[in-house]
Amino acid sequence: MTAYDLTEILRNLLSLPAESELVEFKEAKTTFDSDKLGEYFSALSNEANLKSAQEAWLVFGVNNPQEVVGTAFRADPVKLQSLTKEIADHCTNRLTFRGIHELTHEGKRVILFEIPPATAGYPTAWKGHHYGRDGESLGPLNTDERHRIEGRFQQQLGFERGIAYANASISHILELLDWQKYFALCEFPEPTDAQEIVVRLASIKAVVRADGQLHITNLGAVLFARDLRLFEHLAYKSIRIILYEGTGQTGAKMEQTGQLGYAIGFNRAANWLNDRLPSQEEIGRALRTTVPTYPIKAVRELMANALIHQDFTVSGSTLMVEVFINRIEITNPGTPLINVLEFLNHIPVSRNEAIAATMQSFNFCERQGSGIDRVVEECEKHQLPAPDFIRGDNYTQAILYAPRPLREMDRRHKIRACYQHACLKHANGQQMTNQSFRERMGIAEKNYSIASRIIAETIEEGLIRPYDPENKSKKHAKYIPVFH
């Protein structure tokens with residue numbers, strides 16, 4: 001988030017009539033008990049889950065009622081950010097702050113602790129104890145609320161295990177699911193016995209038996225349907241690709257909507273798109289070669305990520321790939337489960353675990369959460385602008401940009417490229433330097449001051465920090481991302 005965004009958030013919080021289950025103000029002028037901080041994290045995180053909020057806020061430097069008084073709590077940026085690890089070490093699932101944001105308001109220092117909602121199924125505990133809030137009061141999380149959070153895990157699992165086609169005969173199953181393609185993807189020989197086919201499909205929960213009947217699950221239909229339109233509540237979950245003539249959503253010149261299950265239709269959709277993406281010719285010493293404008297690996301990875309991470313419970317929305325003359329936008333239903341700034345290098349988190357595991361087993365997307373790292377790496381390799389990841393009200397969007405010279409990039413593009421480069425270096429056990437960033441952006445050595453200015457602006461945004469604060473040389477300094 002930019003300094004402007006944070007200022008707007010603080011103003012909105014200050015305009016509230018009082019604290020609530022999702023907002024807590026503290027003066028915390030110099031010190032604050034670390035255990036009490038953990039208790040507030042647990043309580044606010046649990047309340048965010050219960051109220052289906054995207055985040056909760058703990059604010060230092062504001063008293064109650066809302067008056068900005070400033071705080072000197074952990075003035076050292078390194079010590080302040082170290083709270084991320086301290087909280088993770090004692091919380092359920094190593095959940096921690098989504099962000100720790102410093103800003104100056106009315107000449108006084110304020111800290112905004114951005115707290116994510118508890119993971120579905122796992123109430124957030126601090127040192128083994130669950131906390132909640134009753135209005136402004138902090139206390140133990142009551143049993144009913146704890147069970148509500150735990151029950152949300154079953155709601156999420158419910159989609160993949162839910163029934164897409166009930167009371168299916170064996171002939172129905174073989175007709176509706178492309179079992180031949182499944183065995184081909186697994187590189188298994190095709191069985192000749194129908195019973196054996198169903199047993200294999202049941203082993204991956206594409207088919208289940210209940211009450212003496214066979215049923216096709218949502219998992220089975222979403223991945224292996226010969227035609228998704230034959231499953232009523234999945235008819236609009238197909239991937240939709242639209243190519244536009246300009247930079248806006250007018251003048252669509254071509255559109256394709258797939259009907260196959262994702263596992264059997266992914267390659268077809270990706271290849272259809274790649275065949276129609278712009279390219280350019282590069283002339284070498286002896287050969288003329290055609291080079292895609294967008295890295296094929298990056299496009300495939302983002303499409304696969306959008307498929308497996310979408311929220312299938314969101315109605316009236318489908319996965320969209322929109323191609324404009326200057327960018328590709330890939331949008332899927334549902335907000336991301338983690339901060340978009342932490343997409344790089346993050347421990348894998350998926351709302352559709354079984355679908356994700358199956359797609360990964362067929363090598364349609366990267367394992368170990370490295371997919372977004374690969375996208376950024378491909379953009380750097382081709383010296384494209386940094387990809388953008390956007391958290392909408394009820395959607396997630398990834399944007400790949402066409403080549404653009406540095407002079408035509410705005411401040412946001414430059415800062416995003418700097419932050420992502422620092423993340424990528426960190427993932428490889430290295431640190432970003434002025435030189436490495438110049439190479440990434442194609443900046444000549446004599447213009448190292450341009451790189452230094454972008455690095456300084458990225459530090460001001462709270463996205464990176466010096467690896468060694470004692471080193472005063474900007475040209476030889478090293479930098480690491482704040483969120484890692």
# chains A, B, ... in the order shown; residues from 1 in each chain; ligands from 1
$ residues_around --residues "A:Arg440" --least-positions-apart "3" --cutoff "8 Å" --atoms "only C-alpha atoms" --output "PyMOL selection string"
chain A and resi 380-381+383+421+436-437+443
$ residues_around --residues "A:Glu255" --least-positions-apart "5" --cutoff "12 Å" --atoms "only C-alpha atoms" --output "list in words"
Ile239, Arg240, Ile241, Ile242, Leu243, Tyr244, Glu245, Ala269, Trp272, Leu273, Arg276, Met320, Val321, Glu322 and Val323 of chain A
$ atom_distance --atom1 "atom CA of A:Arg351" --atom2 "atom CA of A:Lys181"
25.3 Å
$ residues_around --residues "A:Asp5" --least-positions-apart "4" --cutoff "12 Å" --atoms "only C-alpha atoms" --output "PDB file with C-alpha atoms, in the first residue's frame"
ATOM      1  CA  MET A   1       0.000   0.000   0.000  1.00  0.00           C
ATOM      2  CA  ILE A   9      -7.151   4.043   5.977  1.00  0.00           C
ATOM      3  CA  LEU A  10      -6.099   5.910   9.120  1.00  0.00           C
ATOM      4  CA  ARG A  11      -8.554   8.723   8.423  1.00  0.00           C
ATOM      5  CA  ASN A  12     -11.358   6.213   8.001  1.00  0.00           C
ATOM      6  CA  HIS A 101       2.800   0.153   8.395  1.00  0.00           C
ATOM      7  CA  GLU A 102       4.404   3.337   9.724  1.00  0.00           C
ATOM      8  CA  LEU A 103       3.175   6.777   8.741  1.00  0.00           C
ATOM      9  CA  LEU A 112      -0.956   0.426  11.701  1.00  0.00           C
ATOM     10  CA  GLU A 461       6.842   2.995   0.688  1.00  0.00           C
TER      11      GLU A 461
END
$ closest_residue --among "A:Ala298, A:Cys365, A:Glu439, A:Lys472" --to "A:Glu377" --atoms "only C-alpha atoms"
A:Ala298
$ closest_residue --among "A:Val299, A:Ala202, A:Ile115, A:Leu400" --to "A:Ile216" --atoms "only C-alpha atoms"
A:Ala202
$ select_by_dssp --residues "stretch 150-325 of chain A" --states "helix (DSSP H, G or I)" --output "ChimeraX atom specification"
/A:150-161,170-176,179-186,194-203,218-224,228-230,232-234,262-276,296-309
$ write_last_selection --atoms "C-alpha atoms" --output "PDB file, in the first residue's frame"
ATOM      1  CA  GLU A 150     -13.793 -24.375  12.867  1.00  0.00           C
ATOM      2  CA  GLY A 151     -16.945 -25.088  10.848  1.00  0.00           C
ATOM      3  CA  ARG A 152     -15.812 -22.839   8.019  1.00  0.00           C
ATOM      4  CA  PHE A 153     -13.161 -25.405   7.136  1.00  0.00           C
ATOM      5  CA  GLN A 154     -15.925 -27.868   6.315  1.00  0.00           C
ATOM      6  CA  GLN A 155     -17.637 -25.209   4.188  1.00  0.00           C
ATOM      7  CA  GLN A 156     -14.479 -24.810   2.114  1.00  0.00           C
ATOM      8  CA  LEU A 157     -13.902 -28.537   1.810  1.00  0.00           C
ATOM      9  CA  GLY A 158     -17.571 -28.836   0.965  1.00  0.00           C
ATOM     10  CA  PHE A 159     -17.212 -27.579  -2.589  1.00  0.00           C
ATOM     11  CA  GLU A 160     -14.660 -30.124  -3.791  1.00  0.00           C
ATOM     12  CA  ARG A 161     -16.456 -32.938  -1.989  1.00  0.00           C
ATOM     13  CA  ILE A 170     -21.426 -46.327 -14.418  1.00  0.00           C
ATOM     14  CA  SER A 171     -22.423 -45.502 -17.991  1.00  0.00           C
ATOM     15  CA  HIS A 172     -23.256 -41.931 -16.903  1.00  0.00           C
ATOM     16  CA  ILE A 173     -19.859 -41.555 -15.297  1.00  0.00           C
ATOM     17  CA  LEU A 174     -18.006 -42.804 -18.362  1.00  0.00           C
ATOM     18  CA  GLU A 175     -20.114 -40.561 -20.580  1.00  0.00           C
ATOM     19  CA  LEU A 176     -19.789 -37.357 -18.516  1.00  0.00           C
ATOM     20  CA  TRP A 179     -11.672 -40.882 -18.230  1.00  0.00           C
ATOM     21  CA  GLN A 180      -9.460 -41.590 -21.251  1.00  0.00           C
ATOM     22  CA  LYS A 181      -7.764 -38.207 -20.885  1.00  0.00           C
ATOM     23  CA  TYR A 182      -7.376 -38.806 -17.154  1.00  0.00           C
ATOM     24  CA  PHE A 183      -5.438 -42.022 -17.740  1.00  0.00           C
ATOM     25  CA  ALA A 184      -3.390 -40.355 -20.458  1.00  0.00           C
ATOM     26  CA  LEU A 185      -2.427 -37.499 -18.111  1.00  0.00           C
ATOM     27  CA  CYS A 186      -1.473 -40.019 -15.424  1.00  0.00           C
ATOM     28  CA  ALA A 194     -15.630 -50.235 -16.519  1.00  0.00           C
ATOM     29  CA  GLN A 195     -15.604 -51.135 -12.822  1.00  0.00           C
ATOM     30  CA  GLU A 196     -11.855 -50.614 -12.675  1.00  0.00           C
ATOM     31  CA  ILE A 197     -12.200 -47.188 -14.300  1.00  0.00           C
ATOM     32  CA  VAL A 198     -14.696 -46.107 -11.652  1.00  0.00           C
ATOM     33  CA  VAL A 199     -12.482 -47.456  -8.869  1.00  0.00           C
ATOM     34  CA  ARG A 200      -9.571 -45.360 -10.160  1.00  0.00           C
ATOM     35  CA  LEU A 201     -11.748 -42.242 -10.396  1.00  0.00           C
ATOM     36  CA  ALA A 202     -12.987 -42.898  -6.867  1.00  0.00           C
ATOM     37  CA  SER A 203      -9.388 -43.094  -5.633  1.00  0.00           C
ATOM     38  CA  ASN A 218     -17.512 -31.205  -7.989  1.00  0.00           C
ATOM     39  CA  LEU A 219     -13.830 -32.112  -8.033  1.00  0.00           C
ATOM     40  CA  GLY A 220     -14.432 -34.735 -10.720  1.00  0.00           C
ATOM     41  CA  ALA A 221     -16.631 -32.472 -12.843  1.00  0.00           C
ATOM     42  CA  VAL A 222     -14.455 -29.351 -12.586  1.00  0.00           C
ATOM     43  CA  LEU A 223     -11.352 -31.273 -13.656  1.00  0.00           C
ATOM     44  CA  PHE A 224     -12.591 -33.971 -16.043  1.00  0.00           C
ATOM     45  CA  LEU A 228     -19.260 -28.393 -17.932  1.00  0.00           C
ATOM     46  CA  ARG A 229     -22.643 -27.211 -19.217  1.00  0.00           C
ATOM     47  CA  LEU A 230     -24.052 -30.645 -18.349  1.00  0.00           C
ATOM     48  CA  GLU A 232     -26.036 -27.179 -13.768  1.00  0.00           C
ATOM     49  CA  HIS A 233     -24.174 -25.212 -11.079  1.00  0.00           C
ATOM     50  CA  LEU A 234     -20.828 -25.467 -12.918  1.00  0.00           C
ATOM     51  CA  TYR A 262      -9.807 -27.812 -16.353  1.00  0.00           C
ATOM     52  CA  ALA A 263      -7.439 -30.772 -16.347  1.00  0.00           C
ATOM     53  CA  ILE A 264      -8.426 -31.909 -19.820  1.00  0.00           C
ATOM     54  CA  GLY A 265      -9.012 -28.457 -21.341  1.00  0.00           C
ATOM     55  CA  PHE A 266      -6.174 -26.400 -19.877  1.00  0.00           C
ATOM     56  CA  ASN A 267      -3.585 -27.086 -22.570  1.00  0.00           C
ATOM     57  CA  ARG A 268      -6.120 -26.432 -25.316  1.00  0.00           C
ATOM     58  CA  ALA A 269      -7.114 -23.075 -23.812  1.00  0.00           C
ATOM     59  CA  ALA A 270      -3.506 -22.033 -23.172  1.00  0.00           C
ATOM     60  CA  ASN A 271      -2.422 -23.001 -26.688  1.00  0.00           C
ATOM     61  CA  TRP A 272      -5.412 -21.208 -28.257  1.00  0.00           C
ATOM     62  CA  LEU A 273      -4.420 -18.053 -26.382  1.00  0.00           C
ATOM     63  CA  ASN A 274      -0.703 -18.306 -27.123  1.00  0.00           C
ATOM     64  CA  ASP A 275      -1.377 -18.719 -30.840  1.00  0.00           C
ATOM     65  CA  ARG A 276      -3.181 -15.367 -30.834  1.00  0.00           C
ATOM     66  CA  ILE A 296       4.489 -18.299 -22.461  1.00  0.00           C
ATOM     67  CA  LYS A 297       5.519 -19.779 -19.103  1.00  0.00           C
ATOM     68  CA  ALA A 298       4.254 -16.703 -17.249  1.00  0.00           C
ATOM     69  CA  VAL A 299       0.885 -16.698 -19.053  1.00  0.00           C
ATOM     70  CA  ARG A 300       0.334 -20.412 -18.384  1.00  0.00           C
ATOM     71  CA  GLU A 301       1.281 -20.097 -14.733  1.00  0.00           C
ATOM     72  CA  LEU A 302      -1.101 -17.208 -14.105  1.00  0.00           C
ATOM     73  CA  MET A 303      -3.945 -19.002 -15.885  1.00  0.00           C
ATOM     74  CA  ALA A 304      -3.372 -22.156 -13.830  1.00  0.00           C
ATOM     75  CA  ASN A 305      -3.160 -20.161 -10.590  1.00  0.00           C
ATOM     76  CA  ALA A 306      -6.416 -18.383 -11.374  1.00  0.00           C
ATOM     77  CA  LEU A 307      -8.151 -21.696 -12.061  1.00  0.00           C
ATOM     78  CA  ILE A 308      -7.102 -23.463  -8.880  1.00  0.00           C
ATOM     79  CA  HIS A 309      -7.336 -20.516  -6.463  1.00  0.00           C
TER      80      HIS A 309
END
$ select_by_dssp --residues "stretch 8-251 of chain A" --states "strand (DSSP E or B)" --output "PDB file with N, CA and C atoms, in the first residue's frame"
ATOM      1  N   SER A  20     -14.102  -1.112  17.931  1.00  0.00           N
ATOM      2  CA  SER A  20     -15.048  -2.185  17.647  1.00  0.00           C
ATOM      3  C   SER A  20     -14.325  -3.524  17.732  1.00  0.00           C
ATOM      4  N   VAL A  23     -11.311  -3.067  15.365  1.00  0.00           N
ATOM      5  CA  VAL A  23     -10.394  -1.930  15.473  1.00  0.00           C
ATOM      6  C   VAL A  23     -10.060  -1.674  16.940  1.00  0.00           C
ATOM      7  N   GLU A  24      -8.768  -1.555  17.230  1.00  0.00           N
ATOM      8  CA  GLU A  24      -8.313  -1.249  18.590  1.00  0.00           C
ATOM      9  C   GLU A  24      -7.258  -0.155  18.513  1.00  0.00           C
ATOM     10  N   PHE A  25      -7.426   0.908  19.321  1.00  0.00           N
ATOM     11  CA  PHE A  25      -6.460   2.002  19.395  1.00  0.00           C
ATOM     12  C   PHE A  25      -5.646   1.891  20.679  1.00  0.00           C
ATOM     13  N   LYS A  26      -4.348   2.144  20.585  1.00  0.00           N
ATOM     14  CA  LYS A  26      -3.475   2.144  21.758  1.00  0.00           C
ATOM     15  C   LYS A  26      -2.496   3.315  21.656  1.00  0.00           C
ATOM     16  N   ALA A  56      -8.349  -6.809  10.169  1.00  0.00           N
ATOM     17  CA  ALA A  56      -8.657  -6.014  11.352  1.00  0.00           C
ATOM     18  C   ALA A  56      -7.444  -5.125  11.609  1.00  0.00           C
ATOM     19  N   TRP A  57      -7.618  -4.108  12.477  1.00  0.00           N
ATOM     20  CA  TRP A  57      -6.539  -3.129  12.672  1.00  0.00           C
ATOM     21  C   TRP A  57      -6.258  -2.898  14.159  1.00  0.00           C
ATOM     22  N   LEU A  58      -4.986  -2.929  14.485  1.00  0.00           N
ATOM     23  CA  LEU A  58      -4.494  -2.493  15.792  1.00  0.00           C
ATOM     24  C   LEU A  58      -3.636  -1.265  15.514  1.00  0.00           C
ATOM     25  N   VAL A  59      -3.978  -0.138  16.143  1.00  0.00           N
ATOM     26  CA  VAL A  59      -3.332   1.135  15.821  1.00  0.00           C
ATOM     27  C   VAL A  59      -2.589   1.656  17.044  1.00  0.00           C
ATOM     28  N   PHE A  60      -1.292   1.904  16.899  1.00  0.00           N
ATOM     29  CA  PHE A  60      -0.475   2.501  17.957  1.00  0.00           C
ATOM     30  C   PHE A  60      -0.271   3.992  17.646  1.00  0.00           C
ATOM     31  N   VAL A  62      -2.607   6.319  18.864  1.00  0.00           N
ATOM     32  CA  VAL A  62      -3.930   6.943  18.923  1.00  0.00           C
ATOM     33  C   VAL A  62      -4.597   6.499  20.222  1.00  0.00           C
ATOM     34  N   ASN A  63      -5.136   7.451  20.963  1.00  0.00           N
ATOM     35  CA  ASN A  63      -5.813   7.059  22.199  1.00  0.00           C
ATOM     36  C   ASN A  63      -7.304   6.877  21.944  1.00  0.00           C
ATOM     37  N   GLU A  67      -7.779  10.223  19.202  1.00  0.00           N
ATOM     38  CA  GLU A  67      -6.941  11.418  19.134  1.00  0.00           C
ATOM     39  C   GLU A  67      -5.514  10.959  18.850  1.00  0.00           C
ATOM     40  N   VAL A  68      -4.898  11.512  17.824  1.00  0.00           N
ATOM     41  CA  VAL A  68      -3.540  11.114  17.455  1.00  0.00           C
ATOM     42  C   VAL A  68      -2.559  11.737  18.439  1.00  0.00           C
ATOM     43  N   CYS A  91       1.758 -18.281  17.231  1.00  0.00           N
ATOM     44  CA  CYS A  91       0.367 -18.283  16.780  1.00  0.00           C
ATOM     45  C   CYS A  91       0.036 -19.531  15.968  1.00  0.00           C
ATOM     46  N   GLY A  99       0.817  -6.882   7.478  1.00  0.00           N
ATOM     47  CA  GLY A  99       1.702  -5.742   7.260  1.00  0.00           C
ATOM     48  C   GLY A  99       1.820  -4.920   8.526  1.00  0.00           C
ATOM     49  N   ILE A 100       2.994  -4.302   8.714  1.00  0.00           N
ATOM     50  CA  ILE A 100       3.197  -3.351   9.802  1.00  0.00           C
ATOM     51  C   ILE A 100       3.562  -2.039   9.127  1.00  0.00           C
ATOM     52  N   HIS A 101       2.657  -1.062   9.181  1.00  0.00           N
ATOM     53  CA  HIS A 101       2.800   0.153   8.395  1.00  0.00           C
ATOM     54  C   HIS A 101       3.057   1.354   9.308  1.00  0.00           C
ATOM     55  N   GLU A 102       4.099   2.100   9.004  1.00  0.00           N
ATOM     56  CA  GLU A 102       4.404   3.337   9.724  1.00  0.00           C
ATOM     57  C   GLU A 102       4.013   4.523   8.854  1.00  0.00           C
ATOM     58  N   LEU A 103       3.439   5.542   9.466  1.00  0.00           N
ATOM     59  CA  LEU A 103       3.175   6.777   8.741  1.00  0.00           C
ATOM     60  C   LEU A 103       3.164   7.940   9.715  1.00  0.00           C
ATOM     61  N   THR A 104       3.305   9.113   9.170  1.00  0.00           N
ATOM     62  CA  THR A 104       3.262  10.334   9.978  1.00  0.00           C
ATOM     63  C   THR A 104       1.949  11.043   9.708  1.00  0.00           C
ATOM     64  N   HIS A 105       1.212  11.328  10.776  1.00  0.00           N
ATOM     65  CA  HIS A 105      -0.085  12.004  10.655  1.00  0.00           C
ATOM     66  C   HIS A 105      -0.098  13.183  11.614  1.00  0.00           C
ATOM     67  N   LYS A 108       2.912  13.390  13.734  1.00  0.00           N
ATOM     68  CA  LYS A 108       3.127  12.380  14.781  1.00  0.00           C
ATOM     69  C   LYS A 108       3.175  10.995  14.154  1.00  0.00           C
ATOM     70  N   ARG A 109       4.032  10.148  14.712  1.00  0.00           N
ATOM     71  CA  ARG A 109       4.234   8.796  14.186  1.00  0.00           C
ATOM     72  C   ARG A 109       3.097   7.872  14.633  1.00  0.00           C
ATOM     73  N   VAL A 110       2.533   7.140  13.661  1.00  0.00           N
ATOM     74  CA  VAL A 110       1.459   6.193  13.919  1.00  0.00           C
ATOM     75  C   VAL A 110       1.849   4.855  13.293  1.00  0.00           C
ATOM     76  N   ILE A 111       1.510   3.762  13.957  1.00  0.00           N
ATOM     77  CA  ILE A 111       1.765   2.422  13.421  1.00  0.00           C
ATOM     78  C   ILE A 111       0.429   1.716  13.219  1.00  0.00           C
ATOM     79  N   LEU A 112       0.243   1.208  12.018  1.00  0.00           N
ATOM     80  CA  LEU A 112      -0.956   0.426  11.701  1.00  0.00           C
ATOM     81  C   LEU A 112      -0.562  -1.045  11.573  1.00  0.00           C
ATOM     82  N   PHE A 113      -1.066  -1.881  12.464  1.00  0.00           N
ATOM     83  CA  PHE A 113      -0.846  -3.321  12.375  1.00  0.00           C
ATOM     84  C   PHE A 113      -2.026  -3.929  11.610  1.00  0.00           C
ATOM     85  N   GLU A 114      -1.750  -4.454  10.430  1.00  0.00           N
ATOM     86  CA  GLU A 114      -2.784  -5.058   9.598  1.00  0.00           C
ATOM     87  C   GLU A 114      -2.866  -6.551   9.926  1.00  0.00           C
ATOM     88  N   ILE A 115      -4.011  -6.981  10.439  1.00  0.00           N
ATOM     89  CA  ILE A 115      -4.166  -8.331  10.980  1.00  0.00           C
ATOM     90  C   ILE A 115      -5.100  -9.145  10.086  1.00  0.00           C
ATOM     91  N   ALA A 125      -4.844 -18.796  17.788  1.00  0.00           N
ATOM     92  CA  ALA A 125      -4.483 -18.893  19.207  1.00  0.00           C
ATOM     93  C   ALA A 125      -3.153 -18.205  19.443  1.00  0.00           C
ATOM     94  N   TRP A 126      -3.011 -17.570  20.597  1.00  0.00           N
ATOM     95  CA  TRP A 126      -1.732 -16.994  21.023  1.00  0.00           C
ATOM     96  C   TRP A 126      -1.233 -17.830  22.201  1.00  0.00           C
ATOM     97  N   HIS A 129      -3.868 -20.211  23.563  1.00  0.00           N
ATOM     98  CA  HIS A 129      -5.133 -19.675  24.075  1.00  0.00           C
ATOM     99  C   HIS A 129      -5.820 -18.842  22.991  1.00  0.00           C
ATOM    100  N   HIS A 130      -7.138 -19.031  22.870  1.00  0.00           N
ATOM    101  CA  HIS A 130      -7.915 -18.308  21.859  1.00  0.00           C
ATOM    102  C   HIS A 130      -8.570 -17.085  22.485  1.00  0.00           C
ATOM    103  N   TYR A 131      -8.437 -15.945  21.794  1.00  0.00           N
ATOM    104  CA  TYR A 131      -8.998 -14.699  22.309  1.00  0.00           C
ATOM    105  C   TYR A 131     -10.027 -14.138  21.326  1.00  0.00           C
ATOM    106  N   GLY A 132     -10.942 -13.348  21.876  1.00  0.00           N
ATOM    107  CA  GLY A 132     -11.962 -12.696  21.064  1.00  0.00           C
ATOM    108  C   GLY A 132     -12.279 -11.339  21.663  1.00  0.00           C
ATOM    109  N   ARG A 133     -13.274 -10.670  21.101  1.00  0.00           N
ATOM    110  CA  ARG A 133     -13.652  -9.349  21.596  1.00  0.00           C
ATOM    111  C   ARG A 133     -15.169  -9.256  21.723  1.00  0.00           C
ATOM    112  N   ASP A 134     -15.587  -8.544  22.740  1.00  0.00           N
ATOM    113  CA  ASP A 134     -16.998  -8.218  22.933  1.00  0.00           C
ATOM    114  C   ASP A 134     -17.064  -6.699  22.906  1.00  0.00           C
ATOM    115  N   SER A 137     -13.952  -4.850  24.383  1.00  0.00           N
ATOM    116  CA  SER A 137     -13.297  -5.627  25.440  1.00  0.00           C
ATOM    117  C   SER A 137     -12.568  -6.848  24.883  1.00  0.00           C
ATOM    118  N   LEU A 138     -11.411  -7.125  25.432  1.00  0.00           N
ATOM    119  CA  LEU A 138     -10.615  -8.299  25.074  1.00  0.00           C
ATOM    120  C   LEU A 138     -10.881  -9.403  26.081  1.00  0.00           C
ATOM    121  N   GLY A 139     -11.085 -10.626  25.585  1.00  0.00           N
ATOM    122  CA  GLY A 139     -11.323 -11.743  26.486  1.00  0.00           C
ATOM    123  C   GLY A 139     -11.216 -13.061  25.757  1.00  0.00           C
ATOM    124  N   PRO A 140     -11.469 -14.169  26.449  1.00  0.00           N
ATOM    125  CA  PRO A 140     -11.411 -15.489  25.798  1.00  0.00           C
ATOM    126  C   PRO A 140     -12.462 -15.595  24.693  1.00  0.00           C
ATOM    127  N   ILE A 163     -21.548 -32.721  -4.382  1.00  0.00           N
ATOM    128  CA  ILE A 163     -22.031 -33.562  -5.472  1.00  0.00           C
ATOM    129  C   ILE A 163     -22.421 -32.700  -6.680  1.00  0.00           C
ATOM    130  N   ALA A 164     -21.805 -33.000  -7.815  1.00  0.00           N
ATOM    131  CA  ALA A 164     -22.137 -32.309  -9.062  1.00  0.00           C
ATOM    132  C   ALA A 164     -23.197 -33.062  -9.850  1.00  0.00           C
ATOM    133  N   TYR A 165     -23.221 -34.393  -9.697  1.00  0.00           N
ATOM    134  CA  TYR A 165     -24.195 -35.228 -10.423  1.00  0.00           C
ATOM    135  C   TYR A 165     -24.504 -36.420  -9.527  1.00  0.00           C
ATOM    136  N   LEU A 177     -17.522 -37.911 -17.769  1.00  0.00           N
ATOM    137  CA  LEU A 177     -16.121 -37.622 -17.433  1.00  0.00           C
ATOM    138  C   LEU A 177     -15.197 -38.212 -18.494  1.00  0.00           C
ATOM    139  N   VAL A 207     -15.194 -39.469  -8.014  1.00  0.00           N
ATOM    140  CA  VAL A 207     -16.450 -40.185  -7.837  1.00  0.00           C
ATOM    141  C   VAL A 207     -16.502 -40.688  -6.401  1.00  0.00           C
ATOM    142  N   VAL A 208     -17.664 -40.631  -5.775  1.00  0.00           N
ATOM    143  CA  VAL A 208     -17.810 -41.171  -4.425  1.00  0.00           C
ATOM    144  C   VAL A 208     -19.038 -42.078  -4.387  1.00  0.00           C
ATOM    145  N   ARG A 209     -19.034 -43.003  -3.436  1.00  0.00           N
ATOM    146  CA  ARG A 209     -20.190 -43.875  -3.226  1.00  0.00           C
ATOM    147  C   ARG A 209     -20.807 -43.517  -1.873  1.00  0.00           C
ATOM    148  N   ALA A 210     -22.084 -43.259  -1.875  1.00  0.00           N
ATOM    149  CA  ALA A 210     -22.805 -42.943  -0.641  1.00  0.00           C
ATOM    150  C   ALA A 210     -24.222 -43.485  -0.752  1.00  0.00           C
ATOM    151  N   GLN A 213     -25.168 -45.564  -3.709  1.00  0.00           N
ATOM    152  CA  GLN A 213     -25.209 -44.972  -5.048  1.00  0.00           C
ATOM    153  C   GLN A 213     -23.869 -44.308  -5.372  1.00  0.00           C
ATOM    154  N   LEU A 214     -23.571 -44.179  -6.665  1.00  0.00           N
ATOM    155  CA  LEU A 214     -22.387 -43.466  -7.121  1.00  0.00           C
ATOM    156  C   LEU A 214     -22.743 -42.019  -7.444  1.00  0.00           C
ATOM    157  N   HIS A 215     -21.836 -41.113  -7.117  1.00  0.00           N
ATOM    158  CA  HIS A 215     -22.064 -39.696  -7.378  1.00  0.00           C
ATOM    159  C   HIS A 215     -20.786 -39.088  -7.951  1.00  0.00           C
ATOM    160  N   ILE A 216     -20.926 -38.201  -8.918  1.00  0.00           N
ATOM    161  CA  ILE A 216     -19.774 -37.440  -9.439  1.00  0.00           C
ATOM    162  C   ILE A 216     -19.609 -36.197  -8.573  1.00  0.00           C
ATOM    163  N   THR A 217     -18.422 -35.994  -8.063  1.00  0.00           N
ATOM    164  CA  THR A 217     -18.163 -34.843  -7.191  1.00  0.00           C
ATOM    165  C   THR A 217     -17.872 -33.594  -8.018  1.00  0.00           C
ATOM    166  N   ALA A 225     -14.735 -32.980 -16.702  1.00  0.00           N
ATOM    167  CA  ALA A 225     -15.985 -32.949 -17.466  1.00  0.00           C
ATOM    168  C   ALA A 225     -15.711 -32.861 -18.964  1.00  0.00           C
ATOM    169  N   ARG A 240     -13.019 -18.054 -19.779  1.00  0.00           N
ATOM    170  CA  ARG A 240     -13.453 -17.195 -20.890  1.00  0.00           C
ATOM    171  C   ARG A 240     -12.289 -16.308 -21.319  1.00  0.00           C
ATOM    172  N   ILE A 241     -11.960 -16.336 -22.598  1.00  0.00           N
ATOM    173  CA  ILE A 241     -10.840 -15.559 -23.142  1.00  0.00           C
ATOM    174  C   ILE A 241     -11.388 -14.562 -24.154  1.00  0.00           C
ATOM    175  N   ILE A 242     -11.037 -13.277 -23.984  1.00  0.00           N
ATOM    176  CA  ILE A 242     -11.506 -12.219 -24.885  1.00  0.00           C
ATOM    177  C   ILE A 242     -10.299 -11.411 -25.368  1.00  0.00           C
ATOM    178  N   LEU A 243     -10.220 -11.182 -26.665  1.00  0.00           N
ATOM    179  CA  LEU A 243      -9.180 -10.347 -27.257  1.00  0.00           C
ATOM    180  C   LEU A 243      -9.807  -9.048 -27.741  1.00  0.00           C
ATOM    181  N   TYR A 244      -9.256  -7.908 -27.295  1.00  0.00           N
ATOM    182  CA  TYR A 244      -9.776  -6.596 -27.657  1.00  0.00           C
ATOM    183  C   TYR A 244      -8.854  -5.912 -28.664  1.00  0.00           C
TER     184      TYR A 244
END
$ atom_distance --atom1 "atom CA of A:Gln249" --atom2 "atom CA of A:Val340"
24.7 Å
$ closest_residue --among "A:Gln81, A:Thr293, A:Gln54, A:Thr358" --to "A:Pro336" --atoms "only C-alpha atoms"
A:Gln54
$ atom_distance --atom1 "atom CA of A:Thr335" --atom2 "atom CA of A:Asn394"
5.2 Å
$ residues_around --residues "stretch 390-393 of chain A" --least-positions-apart "4" --cutoff "10 Å" --atoms "only C-alpha atoms" --output "short mmCIF file (atom, residue, chain, number, x, y, z; two decimals) with C-alpha atoms, in the first residue's frame"
data_model
loop_
_atom_site.label_atom_id
_atom_site.label_comp_id
_atom_site.auth_asym_id
_atom_site.auth_seq_id
_atom_site.Cartn_x
_atom_site.Cartn_y
_atom_site.Cartn_z
CA GLN A 54 -10.61 -8.84 4.94
CA THR A 331 -9.23 -12.28 -13.19
CA PRO A 333 -13.63 -14.91 -8.52
CA GLY A 334 -12.74 -14.56 -4.83
CA THR A 335 -10.28 -12.49 -2.84
CA PRO A 336 -6.82 -13.96 -2.19
CA LEU A 337 -6.13 -15.72 1.11
CA ILE A 338 -2.87 -13.80 1.62
CA ASN A 339 -1.65 -10.25 1.06
CA VAL A 340 -0.88 -9.72 -2.64
CA LEU A 341 2.48 -8.24 -1.61
CA GLN A 397 -6.50 -9.98 -10.73
CA ALA A 398 -3.04 -10.47 -12.24
CA ILE A 399 -1.79 -8.14 -14.99
#
